[in-house]
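Undergrad: Structure: input.cif, mmCIF, C-alpha atoms.
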data_entry
#
loop_
_atom_site.label_atom_id
_atom_site.label_comp_id
_atom_site.auth_asym_id
_atom_site.auth_seq_id
_atom_site.Cartn_x
_atom_site.Cartn_y
_atom_site.Cartn_z
CA MET A 1 -252.04 47.48 79.44
CA GLY A 2 -250.42 47.11 76.03
CA ASN A 3 -248.62 43.99 74.93
CA GLY A 4 -245.52 45.82 73.71
CA THR A 5 -246.39 45.74 69.99
CA GLU A 6 -248.03 49.04 69.14
CA MET A 7 -249.07 50.29 65.73
CA LEU A 8 -250.89 53.36 64.46
CA ALA A 9 -253.64 53.42 61.82
CA TYR A 10 -254.25 56.90 60.38
CA GLY A 11 -257.18 57.74 58.12
CA HIS A 12 -260.93 57.63 57.70
CA PHE A 13 -262.24 54.05 57.87
CA ASP A 14 -265.83 52.86 57.56
CA ALA A 15 -267.37 50.46 60.07
CA ALA A 16 -266.41 47.33 58.12
CA GLU A 17 -262.82 48.50 57.68
CA GLN A 18 -262.56 49.39 61.37
CA SER A 19 -263.78 45.90 62.22
CA ASN A 20 -261.20 44.34 59.88
CA LEU A 21 -258.40 46.40 61.40
CA ILE A 22 -259.41 45.41 64.91
CA GLU A 23 -259.66 41.73 63.97
CA ALA A 24 -256.28 41.74 62.20
CA ALA A 25 -254.65 43.49 65.13
CA ARG A 26 -256.12 41.01 67.60
CA ALA A 27 -254.99 38.04 65.49
CA SER A 28 -251.49 39.55 65.31
CA ALA A 29 -251.25 40.42 69.04
CA VAL A 30 -251.00 44.12 68.18
CA ASP A 31 -252.24 47.15 70.10
CA LEU A 32 -253.68 49.33 67.32
CA PHE A 33 -254.44 53.02 67.85
CA THR A 34 -256.68 54.54 65.16
CA THR A 35 -257.15 58.23 64.45
CA SER A 36 -258.13 60.55 61.59
CA SER A 37 -256.38 63.56 63.14
CA THR A 38 -252.93 64.44 61.80
CA GLN A 39 -252.03 66.21 65.04
CA GLU A 40 -253.19 63.30 67.16
CA ALA A 41 -251.27 60.87 64.96
CA GLN A 42 -248.04 62.82 65.38
CA GLN A 43 -248.53 63.15 69.12
CA TRP A 44 -249.11 59.41 69.43
CA LEU A 45 -245.99 58.62 67.39
CA ASP A 46 -243.92 61.01 69.51
CA GLY A 47 -244.96 59.20 72.67
CA HIS A 48 -244.83 55.56 71.60
CA GLU A 49 -242.38 53.02 70.20
CA ALA A 50 -244.46 52.18 67.15
CA ARG A 51 -243.76 48.96 65.25
CA ALA A 52 -245.62 50.11 62.12
CA LEU A 53 -247.70 52.90 60.62
CA LEU A 54 -250.84 52.09 58.61
CA LEU A 55 -252.00 54.91 56.35
CA GLY A 56 -255.52 54.95 54.95
CA GLU A 57 -256.57 56.54 51.68
CA GLY A 58 -256.63 60.33 51.51
CA ASP A 59 -254.63 63.44 50.68
CA GLY A 60 -252.80 63.34 54.00
CA GLN A 61 -251.06 60.00 53.41
CA ALA A 62 -247.84 61.33 51.92
CA ASP A 63 -247.61 64.24 54.38
CA VAL A 64 -247.91 62.00 57.44
CA ALA A 65 -245.38 59.57 55.97
CA LEU A 66 -242.95 62.41 55.23
CA GLN A 67 -243.29 64.04 58.66
CA THR A 68 -242.77 60.67 60.32
CA ARG A 69 -239.83 59.50 58.22
CA ALA A 70 -238.08 62.86 58.59
CA GLN A 71 -237.55 62.04 62.28
CA THR A 72 -234.47 59.94 62.97
CA LYS A 73 -236.29 57.70 65.46
CA HIS A 74 -238.83 56.73 62.77
CA ARG A 75 -236.48 56.43 59.80
CA GLN A 76 -236.83 52.63 59.77
CA LEU A 77 -240.52 52.58 60.75
CA PRO A 78 -242.39 50.31 58.31
CA ILE A 79 -245.32 51.98 56.57
CA LEU A 80 -248.26 50.04 55.17
CA ALA A 81 -250.50 51.92 52.73
CA LEU A 82 -254.19 50.96 52.80
CA ALA A 83 -256.01 51.16 49.47
CA ARG A 84 -259.52 49.81 49.00
CA GLN A 85 -258.81 48.37 45.55
CA PRO A 86 -255.03 48.41 45.08
CA SER A 87 -253.94 49.16 41.52
CA ASP A 88 -250.67 49.88 39.72
CA LEU A 89 -251.19 53.57 40.49
CA ASP A 90 -251.77 52.90 44.19
CA PHE A 91 -248.58 50.85 44.47
CA ALA A 92 -246.49 53.30 42.46
CA GLY A 93 -247.82 56.29 44.39
CA ALA A 94 -247.32 54.66 47.79
CA TYR A 95 -243.78 53.53 46.99
CA SER A 96 -242.91 57.02 45.73
CA TRP A 97 -243.44 58.46 49.22
CA GLY A 98 -241.79 55.59 51.02
CA ALA A 99 -244.41 52.94 51.79
CA ASP A 100 -243.26 49.35 52.20
CA ASP A 101 -246.40 47.61 50.94
CA VAL A 102 -250.01 48.21 49.90
CA VAL A 103 -253.02 46.21 51.09
CA SER A 104 -256.79 46.57 51.10
CA PRO A 105 -258.41 47.32 54.49
CA GLY A 106 -261.25 45.10 53.31
CA ARG A 107 -259.09 41.95 53.41
CA THR A 108 -258.65 40.87 57.02
CA TRP A 109 -256.34 37.93 56.31
CA SER A 110 -254.04 40.01 54.09
CA LEU A 111 -253.81 42.62 56.83
CA THR A 112 -253.12 39.93 59.41
CA LEU A 113 -250.30 38.40 57.36
CA ARG A 114 -248.54 41.75 57.09
CA LEU A 115 -249.03 42.77 60.72
CA ARG A 116 -247.68 39.41 61.85
CA ALA A 117 -244.68 39.80 59.56
CA LEU A 118 -243.95 43.20 61.06
CA THR A 119 -244.30 42.00 64.64
CA ARG A 120 -241.70 39.30 63.89
CA ALA A 121 -239.33 41.68 62.11
CA ASN A 122 -236.09 42.44 63.87
CA ARG A 123 -233.03 44.47 63.00
CA GLY A 124 -231.01 41.50 61.83
CA ASP A 125 -227.49 42.07 60.51
CA ASP A 126 -226.46 45.50 59.33
CA PRO A 127 -226.02 45.63 55.55
CA ALA A 128 -222.48 45.59 54.22
CA ALA A 129 -221.01 49.11 54.16
CA ARG A 130 -220.99 50.64 50.68
CA GLY A 131 -219.52 54.06 51.38
CA THR A 132 -221.30 57.41 51.45
CA ALA A 133 -224.13 58.42 49.12
CA VAL A 134 -224.74 62.10 48.45
CA ILE A 135 -228.34 63.02 47.68
CA ALA A 136 -228.97 66.29 45.83
CA GLU A 137 -232.75 66.34 45.53
CA LEU A 138 -235.15 69.30 45.72
CA ASP A 139 -238.30 67.32 46.46
CA LYS A 140 -238.36 66.65 50.21
CA ALA A 141 -240.53 63.52 50.02
CA ARG A 142 -238.25 61.91 47.45
CA ARG A 143 -235.16 63.04 49.33
CA VAL A 144 -236.33 61.35 52.53
CA ALA A 145 -237.53 58.18 50.78
CA THR A 146 -234.33 57.84 48.74
CA ALA A 147 -232.19 58.31 51.84
CA ARG A 148 -234.02 55.50 53.61
CA ALA A 149 -233.65 53.14 50.64
CA LEU A 150 -229.91 53.81 50.40
CA TYR A 151 -229.42 53.56 54.16
CA ASN A 152 -231.14 50.16 54.15
CA SER A 153 -228.75 48.92 51.46
CA GLY A 154 -225.59 49.88 53.31
CA TYR A 155 -224.84 53.50 52.44
CA SER A 156 -224.28 56.30 54.88
CA VAL A 157 -226.11 59.35 53.58
CA ARG A 158 -225.50 63.06 53.40
CA PHE A 159 -227.38 65.79 51.56
CA ALA A 160 -226.33 68.47 49.07
CA VAL A 161 -228.53 71.53 48.69
CA ASN A 162 -227.14 72.72 45.36
CA LYS A 163 -224.97 71.75 42.42
CA GLN A 164 -221.80 73.20 43.95
CA ASP A 165 -222.26 71.16 47.14
CA ALA A 166 -222.76 68.02 45.07
CA TYR A 167 -219.55 68.76 43.17
CA THR A 168 -217.56 69.39 46.36
CA PHE A 169 -218.90 66.37 48.24
CA SER A 170 -218.30 64.04 45.28
CA LEU A 171 -214.57 64.69 45.54
CA GLU A 172 -214.40 63.29 49.06
CA PRO A 173 -212.82 59.80 49.06
CA GLU A 174 -215.59 58.11 51.07
CA VAL A 175 -218.29 59.19 48.59
CA THR A 176 -219.10 56.32 46.23
CA LEU A 177 -222.49 57.43 44.90
CA VAL A 178 -224.15 60.73 43.99
CA VAL A 179 -227.89 60.92 43.36
CA MET A 180 -228.83 64.22 41.75
CA CYS A 181 -232.09 65.60 40.36
CA THR A 182 -232.17 67.46 37.05
CA GLU A 183 -233.82 70.46 38.73
CA LEU A 184 -230.50 71.12 40.52
CA CYS A 185 -228.29 70.22 37.58
CA ASP A 186 -229.50 71.05 34.09
CA ASP A 187 -226.49 69.38 32.42
CA PRO A 188 -225.58 66.22 34.38
CA GLN A 189 -223.02 65.13 31.79
CA ASP A 190 -221.02 68.31 32.30
CA LEU A 191 -221.02 67.87 36.08
CA ILE A 192 -219.98 64.22 35.86
CA ASN A 193 -217.15 65.02 33.47
CA SER A 194 -215.93 67.79 35.77
CA VAL A 195 -215.85 65.73 38.95
CA ILE A 196 -214.25 62.72 37.24
CA LYS A 197 -211.58 65.01 35.78
CA ALA A 198 -211.00 66.36 39.29
CA GLY A 199 -210.34 62.84 40.56
CA SER A 200 -213.68 61.66 41.94
CA ALA A 201 -214.29 57.91 42.10
CA ALA A 202 -218.05 58.32 42.62
CA LYS A 203 -220.77 56.92 40.40
CA PHE A 204 -223.87 58.89 39.54
CA ILE A 205 -227.62 58.34 39.35
CA ILE A 206 -229.55 61.18 37.78
CA SER A 207 -233.14 61.56 38.96
CA SER A 208 -234.81 63.08 35.94
CA GLU A 209 -238.07 64.92 35.62
CA PRO A 210 -240.39 62.63 33.62
CA ARG A 211 -240.53 65.10 30.73
CA ARG A 212 -236.72 65.00 30.42
CA HIS A 213 -236.16 61.32 31.09
CA SER A 214 -235.66 60.31 27.46
CA GLU A 215 -233.39 63.30 26.73
CA VAL A 216 -231.17 62.69 29.77
CA SER A 217 -231.07 58.93 29.19
CA ILE A 218 -229.81 59.44 25.61
CA ALA A 219 -227.24 62.02 26.73
CA LEU A 220 -225.79 59.60 29.31
CA ALA A 221 -226.34 56.42 27.29
CA ARG A 222 -222.68 55.43 27.00
CA ASN A 223 -221.50 56.80 30.30
CA GLN A 224 -220.53 53.71 32.33
CA LEU A 225 -220.41 55.77 35.52
CA ALA A 226 -224.01 56.97 35.39
CA ARG A 227 -227.59 55.74 35.24
CA VAL A 228 -230.86 57.63 34.90
CA THR A 229 -234.05 57.07 36.88
CA ASP A 230 -237.47 58.64 36.49
CA ALA A 231 -238.08 60.94 39.46
CA SER A 232 -241.62 59.55 39.74
CA ALA A 233 -240.39 55.94 40.09
CA PRO A 234 -240.02 54.13 43.45
CA PRO A 235 -236.89 55.28 45.31
CA GLU A 236 -235.73 51.65 45.61
CA ASN A 237 -235.01 51.83 41.87
CA VAL A 238 -232.01 53.95 42.82
CA VAL A 239 -230.61 50.96 44.74
CA PHE A 240 -231.14 48.69 41.73
CA LEU A 241 -229.26 51.13 39.50
CA ALA A 242 -226.49 51.51 42.08
CA ASN A 243 -226.09 47.73 42.01
CA GLU A 244 -225.92 47.84 38.21
CA LEU A 245 -223.19 50.46 38.35
CA SER A 246 -221.22 48.35 40.82
CA ALA A 247 -221.54 45.31 38.57
CA GLY A 248 -219.74 46.96 35.65
CA PRO A 249 -220.41 47.64 31.95
CA MET A 250 -223.54 46.42 30.20
CA ALA A 251 -221.46 44.17 27.96
CA ASP A 252 -220.56 42.09 31.00
CA LYS A 253 -224.16 41.46 32.02
CA ARG A 254 -226.00 38.18 31.69
CA ALA A 255 -227.66 37.20 28.40
CA ALA A 256 -231.10 37.78 29.91
CA PRO A 257 -230.63 40.88 32.09
CA ARG A 258 -232.89 41.89 34.93
CA ILE A 259 -235.13 44.81 34.02
CA LEU A 260 -236.81 47.29 36.32
CA HIS A 261 -240.52 46.70 35.84
CA GLY A 262 -243.32 47.65 38.21
CA THR A 263 -246.78 46.10 37.95
CA THR A 264 -249.25 44.41 40.28
CA VAL A 265 -248.65 40.71 40.82
CA ARG A 266 -251.33 38.33 42.02
CA PHE A 267 -249.84 35.24 43.64
CA ARG A 268 -250.89 32.20 45.67
CA GLY A 269 -249.52 28.84 46.67
CA GLU A 270 -250.06 26.06 44.12
CA GLY A 271 -253.58 24.71 44.59
CA ARG A 272 -254.62 27.34 47.14
CA GLU A 273 -257.68 29.57 46.80
CA GLU A 274 -256.59 32.72 48.66
CA GLU A 275 -254.40 35.03 46.59
CA GLU A 276 -252.22 37.93 47.66
CA LEU A 277 -251.19 41.06 45.86
CA GLY A 278 -247.64 42.35 45.43
CA PHE A 279 -245.73 44.56 43.02
CA SER A 280 -242.90 43.50 40.75
CA TYR A 281 -239.48 45.05 41.30
CA ASN A 282 -237.50 43.52 38.46
CA VAL A 283 -238.02 40.77 35.88
CA SER A 284 -236.00 38.67 33.46
CA GLU A 285 -236.81 35.85 31.04
CA GLY A 286 -236.19 33.30 33.78
CA GLY A 287 -237.61 34.97 36.86
CA LEU A 288 -238.80 37.99 38.77
CA TYR A 289 -238.69 39.67 42.16
CA VAL A 290 -241.96 40.62 43.87
CA ARG A 291 -242.23 43.31 46.54
CA THR A 292 -244.44 42.39 49.51
CA LEU A 293 -244.33 42.21 53.30
CA ALA A 294 -246.03 38.80 53.12
CA PRO A 295 -243.98 36.40 50.96
CA PRO A 296 -245.71 33.04 50.34
CA THR A 297 -244.79 30.14 52.56
CA ASP A 298 -245.27 27.68 49.67
CA ASP A 299 -242.29 26.90 47.45
CA ILE A 300 -244.35 26.42 44.27
CA ILE A 301 -246.68 29.31 43.48
CA TRP A 302 -249.00 30.60 40.78
CA LEU A 303 -248.55 34.19 39.61
CA GLU A 304 -250.37 36.58 37.28
CA LEU A 305 -248.89 39.85 36.03
CA THR A 306 -248.36 42.04 32.96
CA PRO A 307 -244.98 41.56 31.23
CA PRO A 308 -242.88 44.55 30.14
CA LYS A 309 -244.03 46.26 26.95
CA SER A 310 -247.40 44.50 27.09
CA SER A 311 -250.98 45.24 28.07
CA ALA A 312 -252.04 41.57 28.43
CA ARG A 313 -251.50 39.73 31.71
CA VAL A 314 -249.92 36.28 31.77
CA ARG A 315 -250.13 33.42 34.23
CA LEU A 316 -247.11 31.41 35.23
CA THR A 317 -245.99 28.79 37.71
CA GLY A 318 -242.84 29.60 39.63
CA GLN A 319 -240.57 28.33 42.37
CA VAL A 320 -239.73 30.65 45.25
CA ALA A 321 -235.95 30.92 45.22
CA TRP A 322 -235.57 33.13 48.28
CA ARG A 323 -237.49 35.38 50.64
CA ARG A 324 -236.45 38.75 52.02
CA PRO A 325 -238.15 39.87 55.27
CA PHE A 326 -238.53 43.47 56.35
CA GLY A 327 -235.50 45.32 57.71
CA PRO A 328 -231.73 45.42 57.12
CA HIS A 329 -230.39 41.91 56.58
CA GLY A 330 -226.71 41.45 55.83
CA LYS A 331 -225.97 41.80 52.14
CA ALA A 332 -229.59 42.09 50.95
CA THR A 333 -230.00 45.14 48.70
CA VAL A 334 -233.62 44.70 47.64
CA PRO A 335 -236.87 45.69 49.38
CA PRO A 336 -238.92 43.08 51.30
CA GLY A 337 -240.38 40.39 49.05
CA PHE A 338 -239.40 37.19 47.27
CA GLY A 339 -237.53 35.99 44.20
CA VAL A 340 -239.15 33.56 41.77
CA LYS A 341 -237.76 31.19 39.15
CA VAL A 342 -240.18 30.75 36.25
CA LEU A 343 -241.14 27.08 35.77
CA GLU A 344 -244.16 26.87 33.48
CA LEU A 345 -246.30 28.99 31.19
CA THR A 346 -248.83 28.16 28.49
CA PRO A 347 -247.39 28.50 24.97
CA ARG A 348 -249.27 31.76 24.40
CA ASP A 349 -248.24 33.24 27.75
CA ARG A 350 -244.66 32.12 27.27
CA ALA A 351 -244.54 33.94 23.92
CA ARG A 352 -245.90 37.13 25.53
CA TRP A 353 -243.52 36.88 28.48
CA LEU A 354 -240.42 36.30 26.38
CA GLU A 355 -241.36 38.95 23.84
CA GLY A 356 -241.89 41.56 26.58
CA CYS A 357 -238.67 40.75 28.43
CA ARG A 358 -236.60 40.58 25.25
CA THR A 359 -238.01 43.81 23.84
CA ALA A 360 -237.30 45.67 27.08
CA ALA A 361 -233.80 44.16 27.29
CA ALA A 362 -233.08 45.06 23.65
CA GLU A 363 -234.10 48.68 24.29
CA LEU A 364 -231.83 48.77 27.32
CA LEU A 365 -228.89 47.38 25.35
CA SER A 366 -229.56 49.64 22.37
CA ALA A 367 -229.50 52.71 24.60
CA SER A 368 -226.20 51.62 26.14
CA LEU A 369 -224.64 51.34 22.66
CA LEU A 370 -225.80 54.70 21.34
CA PRO A 371 -222.99 57.04 20.33
CA PRO A 372 -222.44 60.08 22.57
CA SER A 373 -224.79 62.97 21.97
CA SER A 374 -221.92 65.04 20.47
CA ASP A 375 -221.29 62.29 17.89
CA ARG A 376 -224.96 62.26 16.92
CA ARG A 377 -224.97 66.02 16.46
CA SER A 378 -221.89 65.91 14.27
CA THR A 379 -223.39 63.27 11.93
CA SER A 380 -226.90 64.67 11.70
CA GLY A 381 -227.80 66.90 8.77
#
What does the file become when written as structure tokens?
TA:
Amino acid sequence: MGNGTEMLAYGHFDAAEQSNLIEAARASAVDLFTTSSTQEAQQWLDGHEARALLLGEGDGQADVALQTRAQTKHRQLPILALARQPSDLDFAGAYSWGADDVVSPGRTWSLTLRLRALTRANRGDDPAARGTAVIAELDKARRVATARALYNSGYSVRFAVNKQDAYTFSLEPEVTLVVMCTELCDDPQDLINSVIKAGSAAKFIISSEPRRHSEVSIALARNQLARVTDASAPPENVVFLANELSAGPMADKRAAPRILHGTTVRFRGEGREEEELGFSYNVSEGGLYVRTLAPPTDDIIWLELTPPKSSARVRLTGQVAWRRPFGPHGKATVPPGFGVKVLELTPRDRARWLEGCRTAAAELLSASLLPPSSDRRSTSG
């Protein structure tokens, strides 16, 4: 008989990886069902109250995640992506289709830490209500992943299938946020101006095709009611930008603003040998937030990562300021992980860290102070 904590591992695993999965499951008191069949995986999920889904490497990862998350009963199901040698691309790709963490199936202890964290996870307190978010997104995977991220941060969610629906829904008083892709709205500025003129109180996040990201960002640079995100970025970035919009104009922000920055982070407790791997969510001169399902238990930790606008990694000592477990928890509006206050760096690493953070912050501020696109056209040539 099962012990009540059931998880599914989907993918092709070699003998050593199978052994690691079995050992981690046993150490975490988990009943783990493993299959490489998409049909069998879906049938198992339909018939069980799964506590987590582990997805091995392969082309079917995103499809299984999408099919699972599209079902209401599995909307909050944690998903752990398994990558043999996790890289920036593995993390970014997994987060884009809604994974909650990435870990190597070759590291038994790392697997165990995450499975244990998920067995202990509970619903906790519902996040504070933040109104209704309208999502107008053509890509189904991003639509589902964005909806989950917004739901977890306190929004109720509804979907718009075209530009007209987005316009109509944005006029409803309970709608506080509209997330729209550029494929559905070629001129976001025109739409925003129209709905604001019609009396909407909503704020806007434009999910731009990568090729248009710079163009759309410049066009909306001085619009205090809108932010732009790269459609290929993690959907949780939408929550970060929604928080920025709620906080007010850029001029009111702190001297060293937090900057969205995603890169692999190696971390371990001070003096410990075993290191873990996470992914940065945001950084500032004085700290950073690291995404992971297995935050360190130590208060003082060593970290290694690449700063913004840099190709050289730095090492720093930090103090864990707070930890965020998996699941909705009161007012928390960030994904699972931990916040760090920077304590020490070598002189060379400090220079690289500060230069990267300040350069990224300066670019952010410069963009926010650009004149409107119409002004630039009238003064050019």
Undergrad: Could you please determine the separation between CA of Ala92 in chain A and CA of Cys357 in chain A in Å, to one decimal place?
TA: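 These atoms are spaced 20.4 Å apart.
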Undergrad: Using all atoms listed in the file, pick whichever of A:Ser284, A:Phe326, A:His261, A:Glu275 has the shortest atom-to-atom distance to Leu303 in chain A.
TA: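 Closest residue, counting all atoms listed in the file: A:Glu275.
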Undergrad: Which neighbours of Lys163 in chain A fall inside 9 Å, counting only C-alpha atoms, when residues of the same chain fewer than 6 positions from it are skipped, and could you give them as a ChimeraX atom specification?
TA: /A:136,180,184-185,191
Undergrad: CA of Leu225 in chain A to CA of Val134 in chain A: how many Å, to one decimal?
TA: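 Value for the CA of Leu225 in chain A-CA of Val134 in chain A distance: 15.0 Å.
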Undergrad: So which residues touch Pro210 in chain A within 9 Å, counting only C-alpha atoms, skipping near sequence neighbours fewer than 4 positions away, as a PDB file with C-alpha atoms, in the frame of the given file?
TA:
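File produced: around_8.pdb:
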ATOM      1  CA  SER A 214    -235.660  60.310  27.460  1.00  0.00           C
ATOM      2  CA  ASP A 230    -237.470  58.640  36.490  1.00  0.00           C
ATOM      3  CA  ALA A 231    -238.080  60.940  39.460  1.00  0.00           C
ATOM      4  CA  SER A 232    -241.620  59.550  39.740  1.00  0.00           C
TER       5      SER A 232
END
Undergrad: Apply the PyMOL selection byres ((chain A and resi 7-10) around 8) to the displayed file and report the matching residues as a ChimeraX atom specification.
TA: /A:5-6,11-12,30-38,41,45,50-56
Undergrad: Just say which residues the PyMOL selection byres ((chain A and resi 359) around 12) picks in this file, as a list in words.
TA: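 This file gives the following for the PyMOL selection byres ((chain A and resi 359) around 12): Ala256, Pro257, Ile259, Ser284, Glu285, Pro307, Pro308, Lys309, Ser310, Ala351, Arg352, Trp353, Leu354, Glu355, Gly356, Cys357, Arg358, Ala360, Ala361, Ala362, Glu363, Leu364, Leu365 and Ser366 of chain A.
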Undergrad: Output C-alpha atoms of each residue in that selection to a file, as a PDB file, in the frame of the given file.
TA:
ATOM      1  CA  ALA A 256    -231.100  37.780  29.910  1.00  0.00           C
ATOM      2  CA  PRO A 257    -230.630  40.880  32.090  1.00  0.00           C
ATOM      3  CA  ILE A 259    -235.130  44.810  34.020  1.00  0.00           C
ATOM      4  CA  SER A 284    -236.000  38.670  33.460  1.00  0.00           C
ATOM      5  CA  GLU A 285    -236.810  35.850  31.040  1.00  0.00           C
ATOM      6  CA  PRO A 307    -244.980  41.560  31.230  1.00  0.00           C
ATOM      7  CA  PRO A 308    -242.880  44.550  30.140  1.00  0.00           C
ATOM      8  CA  LYS A 309    -244.030  46.260  26.950  1.00  0.00           C
ATOM      9  CA  SER A 310    -247.400  44.500  27.090  1.00  0.00           C
ATOM     10  CA  ALA A 351    -244.540  33.940  23.920  1.00  0.00           C
ATOM     11  CA  ARG A 352    -245.900  37.130  25.530  1.00  0.00           C
ATOM     12  CA  TRP A 353    -243.520  36.880  28.480  1.00  0.00           C
ATOM     13  CA  LEU A 354    -240.420  36.300  26.380  1.00  0.00           C
ATOM     14  CA  GLU A 355    -241.360  38.950  23.840  1.00  0.00           C
ATOM     15  CA  GLY A 356    -241.890  41.560  26.580  1.00  0.00           C
ATOM     16  CA  CYS A 357    -238.670  40.750  28.430  1.00  0.00           C
ATOM     17  CA  ARG A 358    -236.600  40.580  25.250  1.00  0.00           C
ATOM     18  CA  ALA A 360    -237.300  45.670  27.080  1.00  0.00           C
ATOM     19  CA  ALA A 361    -233.800  44.160  27.290  1.00  0.00           C
ATOM     20  CA  ALA A 362    -233.080  45.060  23.650  1.00  0.00           C
ATOM     21  CA  GLU A 363    -234.100  48.680  24.290  1.00  0.00           C
ATOM     22  CA  LEU A 364    -231.830  48.770  27.320  1.00  0.00           C
ATOM     23  CA  LEU A 365    -228.890  47.380  25.350  1.00  0.00           C
ATOM     24  CA  SER A 366    -229.560  49.640  22.370  1.00  0.00           C
TER      25      SER A 366
END
Undergrad: Give me the residues near Phe169 in chain A as a VMD selection string, where near means some atom within 8 Å (using all atoms listed in the file) and where sequence neighbours in that chain fewer than 4 positions away do not count.
TA: chain A and resid 134 160 165 175
Undergrad: Find the residue from A:Glu183, A:Glu344, A:Glu40, A:Asp298 that sits nearest to Arg315 in chain A; use all atoms listed in the file when measuring.
TA: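 Under the stated criterion, the closest residue is A:Glu344.
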Undergrad: Considering all atoms listed in the file, can you say which of A:Ala294, A:Pro188, A:Thr229, A:Asn20 comes closest to Leu241 in chain A?
TA: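 Ranked by minimum distance to Leu241 in chain A, first place goes to A:Thr229.
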Undergrad: Using only C-alpha atoms for the distances, tell me which of A:Asp14, A:Glu244, A:Glu273, A:Asp349 is nearest to Gly106 in chain A.
TA: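 Checking each of A:Asp14, A:Glu244, A:Glu273, A:Asp349 against Gly106 in chain A, counting only C-alpha atoms, the winner is A:Asp14.
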Undergrad: Could you list as an NGL selection string every residue that has an atom within 6 Å of (-240.1, 41.7, 42.7), using the file's coordinates and counting all atoms listed in the file?
TA: :A and (280-282 or 288-291)
Undergrad: With all atoms listed in the file as the counted atoms, please give the residues lying no more than 8 Å from Thr292 in chain A, apart from itself and same-chain residues fewer than 4 positions off, as a PyMOL selection string.
TA: chain A and resi 100-101+277-279+336-338
Undergrad: Quick one: what's the axis-aligned box for range 226-238 of chain A, all listed atoms, 4 Å on every side, centre and edges in Å to one decimal, as lines of an AutoDock Vina configuration file?
TA:
center_x = -232.8
center_y = 56.3
center_z = 40.3
size_x = 25.6
size_y = 17.3
size_z = 18.7
Undergrad: How far is it from CA of Gly286 in chain A to CA of Asn237 in chain A, in Å with one decimal?
TA: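 Taking CA of Gly286 in chain A as the start and CA of Asn237 in chain A as the end point, the length is 20.3 Å.
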